[in-house]
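Participant: Here you go, one structure.
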Amino acid sequence: MQADVRTDARPTRGRVVMLVDNGVHGDSRVQKAARSAAEAGWEVILVGILKGAATEETWRIGDAEVRLIRVPRRIPHPVTYRRALLRRPLAYKPGPESKRKLNKLKARRDDLNFRLSEIKVARSKGGPRWAELAGKARLAAPYFVNKAMFQWVKLRSAELKRLQARQQDPNAWFDRAALRFWQGLHGDRAWRRLDPELWDFELAFAPVVDELQPDLIHAHDFRMLGVGARAVMRARAGGRDVKLVWDAHEFVPGIIGRPTNLRWLPAQIAYVREHAPYADAVITVSSTLADLLRETHDLPEQPAVVLNAPPAALTPEQRALPVPDIRALCGIDAATPLLVYCGGINPSRGVDIMIRGLTRLPDAHVALVSVHPNGKVPIMYELEKLAAELGVADRVHLLPYVPHWQVSAFVAPADLGVIPIHHKPNHELALITKFFEYAHGRLPMVVSDVKTMAEATQATGQGEVFRAEDLDDYLRAVRAVLADPQGYRSAYDRPGVLDQWTWEAQAGVMDEVYTRLLPEHPKAQTSSGTAPAVPAQRSAVPVR
């Protein structure tokens, strides 16, 4: 066993290694969890993934250390190399072979054309006719063979494309039969055949986690559950009683599958079912999801609920960063109605309804706080095109993300926050991050009728609910809020409404889970002071 080299000189209650399958920067829940655990006295090392051209491999979030590692693609999905001789016997083996052959034939063709040009030039300079004919005769056979080979390679390449298209067809009987075969043969272990790319996370993270020798592993979301479970078993086999906390961000069977890969979602479901029993405790994002997880995985106890709420207090470093003025970025004054949406955009988020609605809200503007530091995603260009076609492009503003602790203050000057998500299994289960961010910005809300969020909105009176994907009902809700914004804002004045939706309250729940799992470790020290609250940061931001 390697020596236990601590990365933090200060006394700690124990080492917590958090695992996440992203680059940390855009994941507010993970950042808040790491910071608050470190503030509670734990030595926290957050291990994430270094992607693309990123070069920043380590930094700190408060007293928590962040380390990013590369996850090479070592075990590709079988479809990427499966030849399927019985279905398309002429198809090339998947890979670079077909392109290499095509390029080689193109180079050969160019060489023959060069030699033919030499013959023509020689003739134009007065060379004998017989020399031209003889030269062309010598090139005829190689030229014919090259052309025939070119057609043959194109045929086999086309067969490969047809094969791959068939392999990606979710209704292909052969692939459905293969899926049922592996599920029947291996049960929950079938993910090894259905999506062996999951091993890439294990191969990359395992040596890092083993070297860190944690007292507790906090596995964020489902891919890291298996990595954490295996690390715990290796540690226990070596005589170290490491604990595992699974932080379930979503219900895996409710994830939207990949339309071109029939095997992917069943593989993830099986992967979670196999490893869920290894978790010593489970935390999740809502009580509805907690009930579902306990029933689905036959958990011995109810998962603890840790909402992804904003912080009620900021650190000095966070307060020092000025909050941008959303209305200035949109180029509008305080009297212009402004509807805001925060977060990622994809078709199931329903953001297009906000743009379509502008055709019947002639004075309103829409701000989409959705642009990642890496730039716009394709659907954003589609929304810009839609806005131009509808003649409202000058009233649609795509804005960059702000740090997660600034979101509430940033959106506060808007008139209302919109959550237009469609009915999808995971959309029904929790109050999503932007719900809490809008609330702490004291924004009235217009939300679609997804179960948990609609119930909360109606219970508090902080906004209006509309039928998802129904433009007329959306406009009704928006007009109702714009007609009496202060009436909806007053819902936040009731005692306890916002207090329950703070990260500080959630961090306490998380620390209780850690403490219960590690009873021999020191208890948390009570802090004598608190950082200034978020409203102090908003003093420079006008709230209408």
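Letters for chains follow the order of the structure tokens (A, B, ...), residue numbers begin at 1 for each chain, and ligand numbers begin at 1 in the order shown.
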Please, which residues of segment 332-501 of chain A, numbered as in this document, come out helix (DSSP H, G or I) from DSSP, as an MDAnalysis selection string?

Facilitator: chainID A and resid 347:349 352:360 378:390 393:395 404:411 425:428 433:440 451:460 471:483 485:493 499:501

Participant: Interatomic distance between atom CA of Met354 of chain A and atom CA of Ala480 of chain A?

Facilitator: 15.3 Å

Participant: Find the residues around Asp493 of chain A up to 12 Å (only C-alpha atoms counted), leave out those fewer than 3 positions away in its own chain, and share them as a PDB file with N, CA, C and O atoms, in the first residue's frame.

Facilitator:
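Result file follows (out.pdb):
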ATOM      1  N   ALA A 439     -35.989  32.050  -7.910  1.00  0.00           N
ATOM      2  CA  ALA A 439     -36.623  32.379  -6.632  1.00  0.00           C
ATOM      3  C   ALA A 439     -35.763  33.320  -5.810  1.00  0.00           C
ATOM      4  O   ALA A 439     -36.260  34.296  -5.230  1.00  0.00           O
ATOM      5  N   HIS A 440     -34.450  33.054  -5.760  1.00  0.00           N
ATOM      6  CA  HIS A 440     -33.578  33.915  -4.966  1.00  0.00           C
ATOM      7  C   HIS A 440     -33.343  35.265  -5.652  1.00  0.00           C
ATOM      8  O   HIS A 440     -32.893  36.214  -4.999  1.00  0.00           O
ATOM      9  N   ARG A 442     -35.921  36.674  -6.695  1.00  0.00           N
ATOM     10  CA  ARG A 442     -37.281  37.165  -6.446  1.00  0.00           C
ATOM     11  C   ARG A 442     -38.031  37.415  -7.754  1.00  0.00           C
ATOM     12  O   ARG A 442     -38.811  38.353  -7.892  1.00  0.00           O
ATOM     13  N   THR A 460     -46.803  27.927  -3.685  1.00  0.00           N
ATOM     14  CA  THR A 460     -46.239  29.161  -3.140  1.00  0.00           C
ATOM     15  C   THR A 460     -46.882  30.409  -3.730  1.00  0.00           C
ATOM     16  O   THR A 460     -46.822  31.481  -3.125  1.00  0.00           O
ATOM     17  N   GLY A 461     -47.443  30.289  -4.943  1.00  0.00           N
ATOM     18  CA  GLY A 461     -48.022  31.454  -5.599  1.00  0.00           C
ATOM     19  C   GLY A 461     -46.991  32.366  -6.224  1.00  0.00           C
ATOM     20  O   GLY A 461     -47.275  33.538  -6.484  1.00  0.00           O
ATOM     21  N   GLN A 462     -45.818  31.857  -6.517  1.00  0.00           N
ATOM     22  CA  GLN A 462     -44.749  32.686  -7.064  1.00  0.00           C
ATOM     23  C   GLN A 462     -44.792  32.817  -8.573  1.00  0.00           C
ATOM     24  O   GLN A 462     -43.922  33.468  -9.174  1.00  0.00           O
ATOM     25  N   GLN A 486     -45.683  42.371  -8.901  1.00  0.00           N
ATOM     26  CA  GLN A 486     -45.470  42.488  -7.459  1.00  0.00           C
ATOM     27  C   GLN A 486     -46.325  41.515  -6.671  1.00  0.00           C
ATOM     28  O   GLN A 486     -45.928  41.049  -5.599  1.00  0.00           O
ATOM     29  N   GLY A 487     -47.467  41.178  -7.205  1.00  0.00           N
ATOM     30  CA  GLY A 487     -48.312  40.203  -6.540  1.00  0.00           C
ATOM     31  C   GLY A 487     -47.644  38.841  -6.450  1.00  0.00           C
ATOM     32  O   GLY A 487     -47.758  38.143  -5.436  1.00  0.00           O
ATOM     33  N   TYR A 488     -46.945  38.479  -7.496  1.00  0.00           N
ATOM     34  CA  TYR A 488     -46.232  37.198  -7.485  1.00  0.00           C
ATOM     35  C   TYR A 488     -44.937  37.279  -6.678  1.00  0.00           C
ATOM     36  O   TYR A 488     -44.556  36.333  -5.993  1.00  0.00           O
ATOM     37  N   ARG A 489     -44.269  38.425  -6.734  1.00  0.00           N
ATOM     38  CA  ARG A 489     -43.039  38.593  -5.948  1.00  0.00           C
ATOM     39  C   ARG A 489     -43.316  38.519  -4.449  1.00  0.00           C
ATOM     40  O   ARG A 489     -42.462  38.081  -3.673  1.00  0.00           O
ATOM     41  N   SER A 490     -44.504  38.936  -4.064  1.00  0.00           N
ATOM     42  CA  SER A 490     -44.821  38.952  -2.636  1.00  0.00           C
ATOM     43  C   SER A 490     -44.833  37.552  -2.025  1.00  0.00           C
ATOM     44  O   SER A 490     -44.747  37.401  -0.804  1.00  0.00           O
ATOM     45  N   GLY A 496     -39.767  31.727   5.665  1.00  0.00           N
ATOM     46  CA  GLY A 496     -39.331  30.355   5.406  1.00  0.00           C
ATOM     47  C   GLY A 496     -39.323  29.920   3.965  1.00  0.00           C
ATOM     48  O   GLY A 496     -38.742  28.881   3.643  1.00  0.00           O
ATOM     49  N   VAL A 497     -39.957  30.678   3.068  1.00  0.00           N
ATOM     50  CA  VAL A 497     -40.037  30.243   1.670  1.00  0.00           C
ATOM     51  C   VAL A 497     -38.648  30.123   1.058  1.00  0.00           C
ATOM     52  O   VAL A 497     -38.294  29.093   0.476  1.00  0.00           O
ATOM     53  N   LEU A 498     -37.835  31.176   1.180  1.00  0.00           N
ATOM     54  CA  LEU A 498     -36.500  31.144   0.590  1.00  0.00           C
ATOM     55  C   LEU A 498     -35.477  30.453   1.487  1.00  0.00           C
ATOM     56  O   LEU A 498     -34.484  29.920   0.997  1.00  0.00           O
ATOM     57  N   ASP A 499     -35.717  30.465   2.800  1.00  0.00           N
ATOM     58  CA  ASP A 499     -34.752  29.853   3.716  1.00  0.00           C
ATOM     59  C   ASP A 499     -34.556  28.371   3.429  1.00  0.00           C
ATOM     60  O   ASP A 499     -33.451  27.842   3.555  1.00  0.00           O
TER      61      ASP A 499
END

Participant: In Å, rounded to a single decimal, give me how far atom CA of Leu398 of chain A is from atom CA of Leu339 of chain A.

Facilitator: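 These two atoms are separated by 12.2 Å.
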
Participant: Identify, with DSSP run on backbone atoms, the residues in segment 1-245 of chain A assigned to strand (DSSP E), and express the list as a PyMOL selection string.

Facilitator: chain A and resi 15-19+43-49+58-61+64-69+216-220+243-245

Participant: Using only C-alpha atoms, which residue out of A:Pro196, A:Pro214, A:Pro128, A:Gly257 lies closest to Arg240 of chain A?

Facilitator: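 With only C-alpha atoms as the atom set, the closest residue is A:Pro214.
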
Participant: Report the closest atom pair, with its distance in Å rounded to one decimal, for each residue of segment 225-262 of chain A that has an atom no farther than 12 Å from segment 170-190 of chain A; count only C-alpha atoms, sort by chain and then rising residue number, and write it as a Markdown table.

Facilitator:
| residue | atom | partner | partner_atom | distance |
| --- | --- | --- | --- | --- |
| A:Gly226 | CA | A:Arg189 | CA | 11.9 |
| A:Gly257 | CA | A:Pro170 | CA | 10.4 |
| A:Arg258 | CA | A:Pro170 | CA | 9.2 |
| A:Pro259 | CA | A:Pro170 | CA | 6.7 |
| A:Thr260 | CA | A:Pro170 | CA | 6.4 |
| A:Asn261 | CA | A:Pro170 | CA | 6.7 |
| A:Leu262 | CA | A:Pro170 | CA | 5.1 |

Participant: Just write the chosen residues, all heavy atoms, as a PDB file, in the first residue's frame.

Facilitator:
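New file part.pdb:
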ATOM      1  N   GLY A 226     -20.221   3.335 -10.517  1.00  0.00           N
ATOM      2  CA  GLY A 226     -19.450   2.112 -10.708  1.00  0.00           C
ATOM      3  C   GLY A 226     -17.986   2.293 -10.378  1.00  0.00           C
ATOM      4  O   GLY A 226     -17.351   1.410  -9.774  1.00  0.00           O
ATOM      5  N   GLY A 257     -32.678   8.344 -24.408  1.00  0.00           N
ATOM      6  CA  GLY A 257     -31.653   7.486 -24.997  1.00  0.00           C
ATOM      7  C   GLY A 257     -31.036   8.103 -26.245  1.00  0.00           C
ATOM      8  O   GLY A 257     -31.422   9.180 -26.691  1.00  0.00           O
ATOM      9  N   ARG A 258     -30.082   7.393 -26.793  1.00  0.00           N
ATOM     10  CA  ARG A 258     -29.423   7.846 -28.014  1.00  0.00           C
ATOM     11  C   ARG A 258     -30.122   7.213 -29.212  1.00  0.00           C
ATOM     12  O   ARG A 258     -30.124   5.987 -29.355  1.00  0.00           O
ATOM     13  CB  ARG A 258     -27.950   7.470 -27.969  1.00  0.00           C
ATOM     14  CG  ARG A 258     -27.212   8.168 -26.835  1.00  0.00           C
ATOM     15  CD  ARG A 258     -25.743   7.812 -26.794  1.00  0.00           C
ATOM     16  NE  ARG A 258     -25.070   8.543 -25.712  1.00  0.00           N
ATOM     17  CZ  ARG A 258     -23.795   8.408 -25.415  1.00  0.00           C
ATOM     18  NH1 ARG A 258     -23.039   7.557 -26.090  1.00  0.00           N
ATOM     19  NH2 ARG A 258     -23.262   9.117 -24.432  1.00  0.00           N
ATOM     20  N   PRO A 259     -30.690   8.021 -30.091  1.00  0.00           N
ATOM     21  CA  PRO A 259     -31.515   7.468 -31.176  1.00  0.00           C
ATOM     22  C   PRO A 259     -30.758   6.550 -32.116  1.00  0.00           C
ATOM     23  O   PRO A 259     -31.363   5.701 -32.764  1.00  0.00           O
ATOM     24  CB  PRO A 259     -32.025   8.723 -31.902  1.00  0.00           C
ATOM     25  CG  PRO A 259     -31.095   9.820 -31.499  1.00  0.00           C
ATOM     26  CD  PRO A 259     -30.637   9.485 -30.113  1.00  0.00           C
ATOM     27  N   THR A 260     -29.437   6.686 -32.205  1.00  0.00           N
ATOM     28  CA  THR A 260     -28.657   5.849 -33.120  1.00  0.00           C
ATOM     29  C   THR A 260     -27.948   4.704 -32.406  1.00  0.00           C
ATOM     30  O   THR A 260     -27.126   4.026 -33.005  1.00  0.00           O
ATOM     31  CB  THR A 260     -27.613   6.698 -33.875  1.00  0.00           C
ATOM     32  OG1 THR A 260     -26.719   7.303 -32.929  1.00  0.00           O
ATOM     33  CG2 THR A 260     -28.281   7.769 -34.700  1.00  0.00           C
ATOM     34  N   ASN A 261     -28.262   4.503 -31.119  1.00  0.00           N
ATOM     35  CA  ASN A 261     -27.598   3.436 -30.369  1.00  0.00           C
ATOM     36  C   ASN A 261     -28.619   2.796 -29.428  1.00  0.00           C
ATOM     37  O   ASN A 261     -28.840   3.243 -28.311  1.00  0.00           O
ATOM     38  CB  ASN A 261     -26.408   3.985 -29.586  1.00  0.00           C
ATOM     39  CG  ASN A 261     -25.597   2.884 -28.922  1.00  0.00           C
ATOM     40  OD1 ASN A 261     -26.025   1.733 -28.837  1.00  0.00           O
ATOM     41  ND2 ASN A 261     -24.416   3.230 -28.444  1.00  0.00           N
ATOM     42  N   LEU A 262     -29.228   1.717 -29.923  1.00  0.00           N
ATOM     43  CA  LEU A 262     -30.259   1.017 -29.168  1.00  0.00           C
ATOM     44  C   LEU A 262     -29.734   0.491 -27.844  1.00  0.00           C
ATOM     45  O   LEU A 262     -30.485   0.372 -26.871  1.00  0.00           O
ATOM     46  CB  LEU A 262     -30.790  -0.137 -30.030  1.00  0.00           C
ATOM     47  CG  LEU A 262     -31.817  -1.074 -29.407  1.00  0.00           C
ATOM     48  CD1 LEU A 262     -33.144  -0.352 -29.217  1.00  0.00           C
ATOM     49  CD2 LEU A 262     -32.014  -2.306 -30.290  1.00  0.00           C
TER      50      LEU A 262
END
